[in-house]
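coords-v2.txt follows (compact mmCIF, C-alpha atoms):
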```txt
# COMPACT_ATOMS: atom_id res chain seq x y z
CA MET A 17 -1.60 24.29 15.45
CA ASN A 18 -1.65 21.76 12.64
CA LEU A 19 1.06 19.18 13.38
CA ARG A 20 1.42 18.40 9.67
CA LYS A 21 2.55 21.98 8.92
CA SER A 22 5.35 21.69 11.47
CA LEU A 23 6.78 18.52 9.92
CA PRO A 24 9.20 18.52 7.00
CA LYS A 25 7.35 18.34 3.68
CA ASN A 26 8.54 15.00 2.36
CA GLU A 27 5.86 13.72 0.04
CA ASP A 28 7.94 14.79 -3.00
CA LYS A 29 11.22 14.07 -1.26
CA PHE A 30 13.68 11.76 -2.93
CA TYR A 31 16.59 10.34 -0.99
CA GLU A 32 19.72 8.75 -2.40
CA THR A 33 22.28 6.24 -1.26
CA GLU A 34 25.28 5.04 -3.19
CA ARG A 35 23.22 2.71 -5.39
CA LEU A 36 19.58 3.55 -4.66
CA ILE A 37 16.83 6.13 -5.02
CA ILE A 38 14.34 6.10 -2.13
CA ARG A 39 11.05 7.98 -2.41
CA PRO A 40 7.58 7.86 -0.88
CA MET A 41 5.44 5.03 -2.26
CA SER A 42 2.72 6.27 -4.63
CA LEU A 43 -0.13 4.88 -6.71
CA GLU A 44 2.25 4.44 -9.64
CA ASP A 45 3.96 1.71 -7.60
CA ALA A 46 0.94 -0.61 -7.57
CA ASP A 47 2.73 -2.98 -9.98
CA LEU A 48 5.59 -3.44 -7.50
CA ILE A 49 3.23 -3.92 -4.54
CA LEU A 50 1.28 -6.56 -6.48
CA GLU A 51 4.45 -8.52 -7.26
CA LEU A 52 6.15 -7.98 -3.89
CA TYR A 53 3.16 -8.84 -1.71
CA ASN A 54 2.52 -12.07 -3.60
CA MET A 55 6.01 -13.50 -3.29
CA PRO A 56 5.98 -16.78 -1.33
CA ASN A 57 8.44 -15.46 1.28
CA PHE A 58 6.44 -12.24 1.76
CA ILE A 59 3.30 -14.28 2.44
CA LYS A 60 5.23 -16.71 4.67
CA PHE A 61 7.07 -14.12 6.79
CA ILE A 62 4.84 -11.03 6.65
CA GLY A 63 1.42 -12.33 5.71
CA ASN A 64 -1.12 -12.48 2.93
CA ARG A 65 -2.50 -9.01 2.30
CA ASN A 66 -5.01 -10.34 -0.29
CA ILE A 67 -3.64 -8.19 -3.08
CA ASN A 68 -4.67 -10.04 -6.20
CA SER A 69 -4.86 -7.26 -8.81
CA LEU A 70 -3.44 -3.84 -9.64
CA GLU A 71 -6.67 -2.35 -8.31
CA ASP A 72 -6.17 -4.17 -4.98
CA ALA A 73 -2.60 -2.83 -4.84
CA GLU A 74 -3.76 0.74 -5.56
CA ASN A 75 -6.45 0.47 -2.88
CA TYR A 76 -3.88 -0.85 -0.39
CA ILE A 77 -1.57 2.09 -1.12
CA LYS A 78 -4.50 4.52 -0.71
CA ALA A 79 -5.68 2.92 2.54
CA LYS A 80 -2.37 2.08 4.24
CA PHE A 81 0.52 4.15 2.87
CA LEU A 82 -0.82 7.54 1.81
CA PRO A 83 -2.75 8.30 5.04
CA GLN A 84 0.33 7.74 7.19
CA PHE A 85 2.43 10.08 5.02
CA GLU A 86 -0.35 12.66 5.34
CA LYS A 87 -0.62 12.19 9.10
CA VAL A 88 3.03 12.01 10.19
CA GLY A 89 5.14 12.77 7.09
CA PHE A 90 6.90 9.41 6.83
CA GLY A 91 5.83 5.92 5.85
CA ASN A 92 6.57 3.32 3.20
CA TYR A 93 9.22 4.21 0.63
CA LEU A 94 9.88 2.74 -2.78
CA ILE A 95 13.41 1.52 -3.41
CA ALA A 96 14.73 1.78 -6.97
CA LEU A 97 18.16 1.15 -8.40
CA LYS A 98 19.87 4.31 -9.63
CA GLU A 99 21.03 2.33 -12.62
CA GLY A 100 17.99 1.90 -14.85
CA SER A 101 15.46 3.13 -12.25
CA VAL A 102 14.38 -0.47 -11.61
CA LYS A 103 11.91 -0.81 -8.71
CA ILE A 104 13.22 -3.47 -6.34
CA GLY A 105 11.33 -3.21 -3.05
CA GLY A 106 10.00 -1.15 -0.20
CA VAL A 107 11.22 0.03 3.18
CA GLY A 108 9.33 2.09 5.68
CA ILE A 109 8.69 3.27 9.18
CA PHE A 110 5.19 2.33 10.25
CA GLU A 111 2.77 3.18 13.01
CA ARG A 112 1.52 -0.27 13.91
CA GLU A 113 -1.33 -1.18 16.22
CA GLY A 114 0.02 -2.99 19.26
CA LEU A 115 3.44 -1.30 19.19
CA ASP A 116 4.23 1.85 21.18
CA ILE A 117 7.24 2.68 19.02
CA VAL A 118 7.15 3.00 15.22
CA ASP A 119 8.72 0.05 13.47
CA ILE A 120 10.90 -0.31 10.44
CA GLY A 121 9.96 -2.90 7.85
CA PHE A 122 11.35 -3.92 4.49
CA SER A 123 10.78 -6.27 1.59
CA VAL A 124 12.65 -6.84 -1.65
CA LEU A 125 11.93 -8.74 -4.83
CA GLU A 126 13.60 -12.14 -4.65
CA ARG A 127 15.87 -11.50 -7.63
CA PHE A 128 17.50 -8.61 -5.72
CA GLU A 129 18.05 -10.43 -2.40
CA GLY A 130 21.55 -10.90 -1.03
CA LYS A 131 23.07 -7.83 -2.68
CA GLY A 132 23.02 -5.51 0.35
CA TYR A 133 20.29 -3.26 -1.07
CA MET A 134 17.93 -3.69 1.87
CA PHE A 135 20.56 -2.81 4.45
CA GLU A 136 21.54 0.26 2.42
CA ALA A 137 17.90 1.36 2.10
CA ALA A 138 16.88 0.52 5.68
CA GLN A 139 19.89 2.32 7.10
CA LYS A 140 18.92 5.43 5.11
CA VAL A 141 15.26 5.29 6.15
CA LYS A 142 16.24 4.75 9.78
CA SER A 143 18.36 7.92 9.61
CA ILE A 144 15.50 9.81 7.91
CA GLY A 145 13.20 8.85 10.79
CA MET A 146 15.66 9.78 13.48
CA ASP A 147 17.33 12.83 11.90
CA ASP A 148 14.50 14.40 9.84
CA PHE A 149 11.56 13.44 12.07
CA GLY A 150 13.21 13.39 15.47
CA LEU A 151 12.26 9.83 16.34
CA ASN A 152 14.11 8.78 19.49
CA LYS A 153 13.56 5.06 19.01
CA ILE A 154 12.65 2.69 16.22
CA SER A 155 11.49 -0.88 16.66
CA ALA A 156 11.30 -3.88 14.34
CA ILE A 157 9.35 -7.12 14.41
CA THR A 158 9.95 -10.36 12.59
CA THR A 159 9.00 -14.00 12.73
CA LYS A 160 11.17 -16.43 14.66
CA ASP A 161 12.22 -18.23 11.47
CA ASN A 162 13.03 -15.18 9.31
CA PHE A 163 16.76 -15.32 9.92
CA SER A 164 17.74 -12.92 7.11
CA SER A 165 15.48 -10.20 8.55
CA GLN A 166 16.80 -10.83 12.06
CA LYS A 167 20.35 -10.40 10.77
CA LEU A 168 19.49 -7.18 8.92
CA ILE A 169 17.63 -5.75 11.94
CA GLU A 170 20.65 -6.45 14.14
CA ARG A 171 23.00 -4.86 11.57
CA LEU A 172 20.82 -1.74 11.81
CA GLY A 173 21.71 -1.57 15.50
CA LEU A 174 18.42 -2.79 16.95
CA LYS A 175 18.56 -5.23 19.85
CA PHE A 176 16.17 -8.07 20.62
CA GLN A 177 13.95 -7.13 23.58
CA LYS A 178 11.08 -9.61 23.88
CA TYR A 179 8.41 -11.61 22.10
CA VAL A 180 5.15 -9.86 21.18
CA THR A 181 1.83 -10.81 19.64
CA LEU A 182 0.08 -8.04 17.71
CA PRO A 183 -3.66 -7.40 18.14
CA ASN A 184 -5.85 -9.82 16.15
CA GLU A 185 -2.85 -12.06 15.44
CA THR A 186 -1.82 -15.40 16.90
CA GLU A 187 1.86 -15.67 15.96
CA GLU A 188 4.43 -14.59 18.51
CA LEU A 189 6.99 -12.25 16.89
CA MET A 190 10.48 -11.18 17.85
CA TYR A 191 10.57 -7.52 18.93
CA TYR A 192 13.70 -5.39 18.51
CA GLU A 193 14.38 -1.80 19.48
CA THR A 194 17.09 0.84 19.14
CA GLU A 195 18.88 1.57 22.40
```
Using C-alpha cells, write down the structure that the file contains.
Amino acid sequence: MNLRKSLPKNEDKFYETERLIIRPMSLEDADLILELYNMPNFIKFIGNRNINSLEDAENYIKAKFLPQFEKVGFGNYLIALKEGSVKIGGVGIFEREGLDIVDIGFSVLERFEGKGYMFEAAQKVKSIGMDDFGLNKISAITTKDNFSSQKLIERLGLKFQKYVTLPNETEELMYYETE
C-alpha cells in the first residue's frame, strides 16, 4: 500500500487563523525564502543556508521542502497576512536527521516580529500535525541564546528536555518536546 495515498491530500490545502493564511511553501515563494534566509538573525540562530539568489531559493525549495510534502504530506508552510496577502514568514514540521520526533520550526521577516503572528501560525501548524496527521509528539530545537524562540516554543506547550547536537554540527541546541 502506498503510504502517500492514505494521508490527507494537503498540497493544495490552505489553512486560516484569525489574521493569517497558511499554505504549503511552493516555488513561487522563492523571493520570501531569499529574504528570510539572509536576515542576520536567521543566519545567527538557524544558520547560513547559502541562498544567494532566487535560483538558489528555488533549488532549496525543490530539494528540501517539496520532497517532504510528497513523502509525508506536511512540511514547511508559507505564512501570509489575510490583509493584503503579504508574505511574512514560514512555519513547518520537519523530519530532521538526528531527531527521532519531527520538529516544528519558524521564521518571520524582522518587520513582522513581536506582533504574535508566529505564535498564531505555529499553534495552527502544530494542530495540523497532531490532528490531521496523527502525530503524537512534536519537538523543537533552538540555540541557547535565542530567547524569543524559547519563549514561543514554551507557549506552544513544549517542555525543555535536554541538550542535543545534530549530526555534522558542533553547536549544542536546546531540545523541547510535547508531553
- Query: Can you list, as a list in words, every protein, DNA or RNA residue that comes within 12 Å of Lys153 in chain A when you count only C-alpha atoms, leaving out same-chain residues fewer than 5 positions away?
  - Reply: Ile109, Leu115, Asp116, Ile117, Val118, Asp119, Ile120, Lys142, Ser143, Gly145, Met146, Asp147, Gly173, Leu174, Lys175, Tyr192, Glu193, Thr194 and Glu195 of chain A
- Just how far from CA of Leu172 in chain A is CA of Glu34 in chain A, in Å to one decimal? 17.1 Å
- Task: Tell me, as a ChimeraX atom specification, which residues lie within 12 Å of Leu43 in chain A, counting only C-alpha atoms; anything in the same chain fewer than 5 positions away does not count.
- Result: /A:48-50,70-82,93-94
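Across A:Glu188, A:Asp45, A:Glu111, A:Glu129, the tightest approach to Asn57 in chain A is made by A:Glu129 when counting all atoms listed in the file.
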- The residue from A:Glu126, A:Glu32, A:Asp161, A:Glu99 with the smallest atom-to-atom distance to Phe58 in chain A, counting all atoms listed in the file, is A:Glu126
Rows by chain and residue number, range 52-111 of chain A within 10 Å of range 135-141 of chain A, shortest pair, all atoms listed in the file, as JSON lines:
```
{"residue": "A:Phe90", "atom": "CA", "partner": "A:Val141", "partner_atom": "CA", "distance": 9.3}
{"residue": "A:Gly91", "atom": "CA", "partner": "A:Val141", "partner_atom": "CA", "distance": 9.5}
{"residue": "A:Asn92", "atom": "CA", "partner": "A:Val141", "partner_atom": "CA", "distance": 9.4}
{"residue": "A:Tyr93", "atom": "CA", "partner": "A:Val141", "partner_atom": "CA", "distance": 8.3}
{"residue": "A:Leu94", "atom": "CA", "partner": "A:Ala137", "partner_atom": "CA", "distance": 9.5}
{"residue": "A:Ile95", "atom": "CA", "partner": "A:Ala137", "partner_atom": "CA", "distance": 7.1}
{"residue": "A:Ala96", "atom": "CA", "partner": "A:Ala137", "partner_atom": "CA", "distance": 9.6}
{"residue": "A:Gly105", "atom": "CA", "partner": "A:Ala137", "partner_atom": "CA", "distance": 9.5}
{"residue": "A:Gly106", "atom": "CA", "partner": "A:Ala137", "partner_atom": "CA", "distance": 8.6}
{"residue": "A:Val107", "atom": "CA", "partner": "A:Ala138", "partner_atom": "CA", "distance": 6.2}
{"residue": "A:Gly108", "atom": "CA", "partner": "A:Val141", "partner_atom": "CA", "distance": 6.8}
{"residue": "A:Ile109", "atom": "CA", "partner": "A:Val141", "partner_atom": "CA", "distance": 7.5}
```
- If you count all atoms listed in the file, which residues fall within 8 Å of Asn54 in chain A, apart from same-chain ones fewer than 3 positions away, as a list in words? Leu50, Glu51, Phe58, Ile59, Asn64, Ile67 and Asn68 of chain A
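CA of Ser42 in chain A is found 15.2 Å from CA of Ser101 in chain A.
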Would you save range 30-80 of chain A to a file, keeping N, CA and C atoms, as a compact mmCIF listing (two decimals), in the first residue's frame?
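What follows is the written file decode_19.txt:
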```txt
# COMPACT_ATOMS: atom_id res chain seq x y z
N PHE A 30 -5.12 25.12 2.06
CA PHE A 30 -4.88 26.40 2.70
C PHE A 30 -5.54 26.34 4.07
N TYR A 31 -4.85 26.87 5.06
CA TYR A 31 -5.39 26.94 6.41
C TYR A 31 -5.51 28.41 6.77
N GLU A 32 -6.42 28.70 7.69
CA GLU A 32 -6.60 30.08 8.12
C GLU A 32 -6.58 30.17 9.63
N THR A 33 -6.10 31.31 10.11
CA THR A 33 -6.25 31.68 11.50
C THR A 33 -6.96 33.03 11.47
N GLU A 34 -7.06 33.65 12.59
CA GLU A 34 -7.77 34.93 12.64
C GLU A 34 -7.17 35.96 11.66
N ARG A 35 -5.82 36.00 11.62
CA ARG A 35 -5.18 37.05 10.80
C ARG A 35 -4.34 36.52 9.63
N LEU A 36 -4.21 35.18 9.53
CA LEU A 36 -3.23 34.62 8.62
C LEU A 36 -3.81 33.58 7.67
N ILE A 37 -3.15 33.45 6.52
CA ILE A 37 -3.34 32.34 5.59
C ILE A 37 -2.06 31.51 5.68
N ILE A 38 -2.22 30.21 5.79
CA ILE A 38 -1.08 29.30 5.90
C ILE A 38 -1.25 28.25 4.82
N ARG A 39 -0.24 28.11 3.95
CA ARG A 39 -0.32 27.14 2.86
C ARG A 39 1.05 26.53 2.61
N PRO A 40 1.08 25.35 1.99
CA PRO A 40 2.38 24.74 1.69
C PRO A 40 3.28 25.68 0.90
N MET A 41 4.55 25.71 1.25
CA MET A 41 5.55 26.51 0.54
C MET A 41 5.68 25.97 -0.88
N SER A 42 5.83 26.87 -1.85
CA SER A 42 5.96 26.47 -3.25
C SER A 42 7.06 27.28 -3.93
N LEU A 43 7.35 26.95 -5.17
CA LEU A 43 8.41 27.65 -5.90
C LEU A 43 8.13 29.15 -6.02
N GLU A 44 6.87 29.53 -6.02
CA GLU A 44 6.54 30.96 -6.12
C GLU A 44 6.92 31.75 -4.86
N ASP A 45 7.40 31.04 -3.85
CA ASP A 45 7.81 31.69 -2.60
C ASP A 45 9.32 31.88 -2.49
N ALA A 46 10.03 31.67 -3.59
CA ALA A 46 11.49 31.81 -3.58
C ALA A 46 11.92 33.20 -3.13
N ASP A 47 11.16 34.23 -3.49
CA ASP A 47 11.51 35.60 -3.08
C ASP A 47 11.52 35.73 -1.56
N LEU A 48 10.53 35.14 -0.90
CA LEU A 48 10.47 35.18 0.56
C LEU A 48 11.63 34.41 1.16
N ILE A 49 11.90 33.21 0.65
CA ILE A 49 12.99 32.38 1.18
C ILE A 49 14.32 33.12 1.04
N LEU A 50 14.54 33.76 -0.08
CA LEU A 50 15.77 34.53 -0.29
C LEU A 50 15.92 35.61 0.78
N GLU A 51 14.87 36.37 1.01
CA GLU A 51 14.93 37.45 2.01
C GLU A 51 15.03 36.88 3.43
N LEU A 52 14.18 35.93 3.76
CA LEU A 52 14.12 35.35 5.10
C LEU A 52 15.43 34.70 5.50
N TYR A 53 15.99 33.89 4.63
CA TYR A 53 17.17 33.10 4.96
C TYR A 53 18.46 33.91 4.94
N ASN A 54 18.36 35.17 4.56
CA ASN A 54 19.53 36.06 4.59
C ASN A 54 19.43 37.13 5.66
N MET A 55 18.41 37.06 6.49
CA MET A 55 18.32 38.00 7.60
C MET A 55 19.43 37.68 8.61
N PRO A 56 20.04 38.70 9.20
CA PRO A 56 21.11 38.43 10.17
C PRO A 56 20.70 37.48 11.29
N ASN A 57 19.50 37.63 11.84
CA ASN A 57 19.07 36.75 12.94
C ASN A 57 18.82 35.33 12.47
N PHE A 58 18.36 35.15 11.22
CA PHE A 58 18.18 33.79 10.69
C PHE A 58 19.54 33.10 10.62
N ILE A 59 20.52 33.81 10.06
CA ILE A 59 21.87 33.24 9.93
C ILE A 59 22.46 32.98 11.32
N LYS A 60 22.25 33.90 12.25
CA LYS A 60 22.80 33.75 13.60
C LYS A 60 22.18 32.56 14.34
N PHE A 61 20.85 32.45 14.31
CA PHE A 61 20.16 31.46 15.14
C PHE A 61 19.89 30.14 14.43
N ILE A 62 19.74 30.16 13.12
CA ILE A 62 19.38 28.94 12.39
C ILE A 62 20.53 28.45 11.53
N GLY A 63 21.22 29.39 10.90
CA GLY A 63 22.39 29.02 10.10
C GLY A 63 22.33 29.58 8.70
N ASN A 64 23.48 29.63 8.08
CA ASN A 64 23.59 30.13 6.71
C ASN A 64 23.31 28.98 5.75
N ARG A 65 22.26 29.11 4.98
CA ARG A 65 21.87 28.07 4.03
C ARG A 65 22.44 28.34 2.64
N ASN A 66 23.30 29.38 2.52
CA ASN A 66 23.95 29.73 1.25
C ASN A 66 22.95 29.95 0.12
N ILE A 67 21.91 30.69 0.44
CA ILE A 67 20.91 31.06 -0.56
C ILE A 67 21.20 32.51 -0.94
N ASN A 68 21.80 32.66 -2.12
CA ASN A 68 22.28 33.98 -2.54
C ASN A 68 21.56 34.53 -3.77
N SER A 69 20.59 33.78 -4.29
CA SER A 69 19.85 34.22 -5.47
C SER A 69 18.48 33.56 -5.47
N LEU A 70 17.59 34.06 -6.33
CA LEU A 70 16.27 33.43 -6.47
C LEU A 70 16.42 31.99 -6.93
N GLU A 71 17.38 31.73 -7.79
CA GLU A 71 17.61 30.36 -8.26
C GLU A 71 18.03 29.45 -7.10
N ASP A 72 18.90 29.95 -6.22
CA ASP A 72 19.29 29.17 -5.03
C ASP A 72 18.06 28.87 -4.17
N ALA A 73 17.19 29.88 -4.00
CA ALA A 73 15.99 29.70 -3.18
C ALA A 73 15.06 28.67 -3.81
N GLU A 74 14.87 28.74 -5.13
CA GLU A 74 14.03 27.75 -5.82
C GLU A 74 14.61 26.34 -5.66
N ASN A 75 15.92 26.23 -5.82
CA ASN A 75 16.57 24.92 -5.67
C ASN A 75 16.42 24.38 -4.25
N TYR A 76 16.50 25.26 -3.26
CA TYR A 76 16.34 24.86 -1.87
C TYR A 76 14.92 24.33 -1.63
N ILE A 77 13.94 25.05 -2.16
CA ILE A 77 12.54 24.62 -2.04
C ILE A 77 12.36 23.25 -2.70
N LYS A 78 12.92 23.09 -3.90
CA LYS A 78 12.81 21.80 -4.61
C LYS A 78 13.49 20.67 -3.86
N ALA A 79 14.64 20.94 -3.26
CA ALA A 79 15.43 19.89 -2.60
C ALA A 79 14.95 19.59 -1.18
N LYS A 80 14.50 20.61 -0.44
CA LYS A 80 14.19 20.43 0.98
C LYS A 80 12.70 20.38 1.30
```
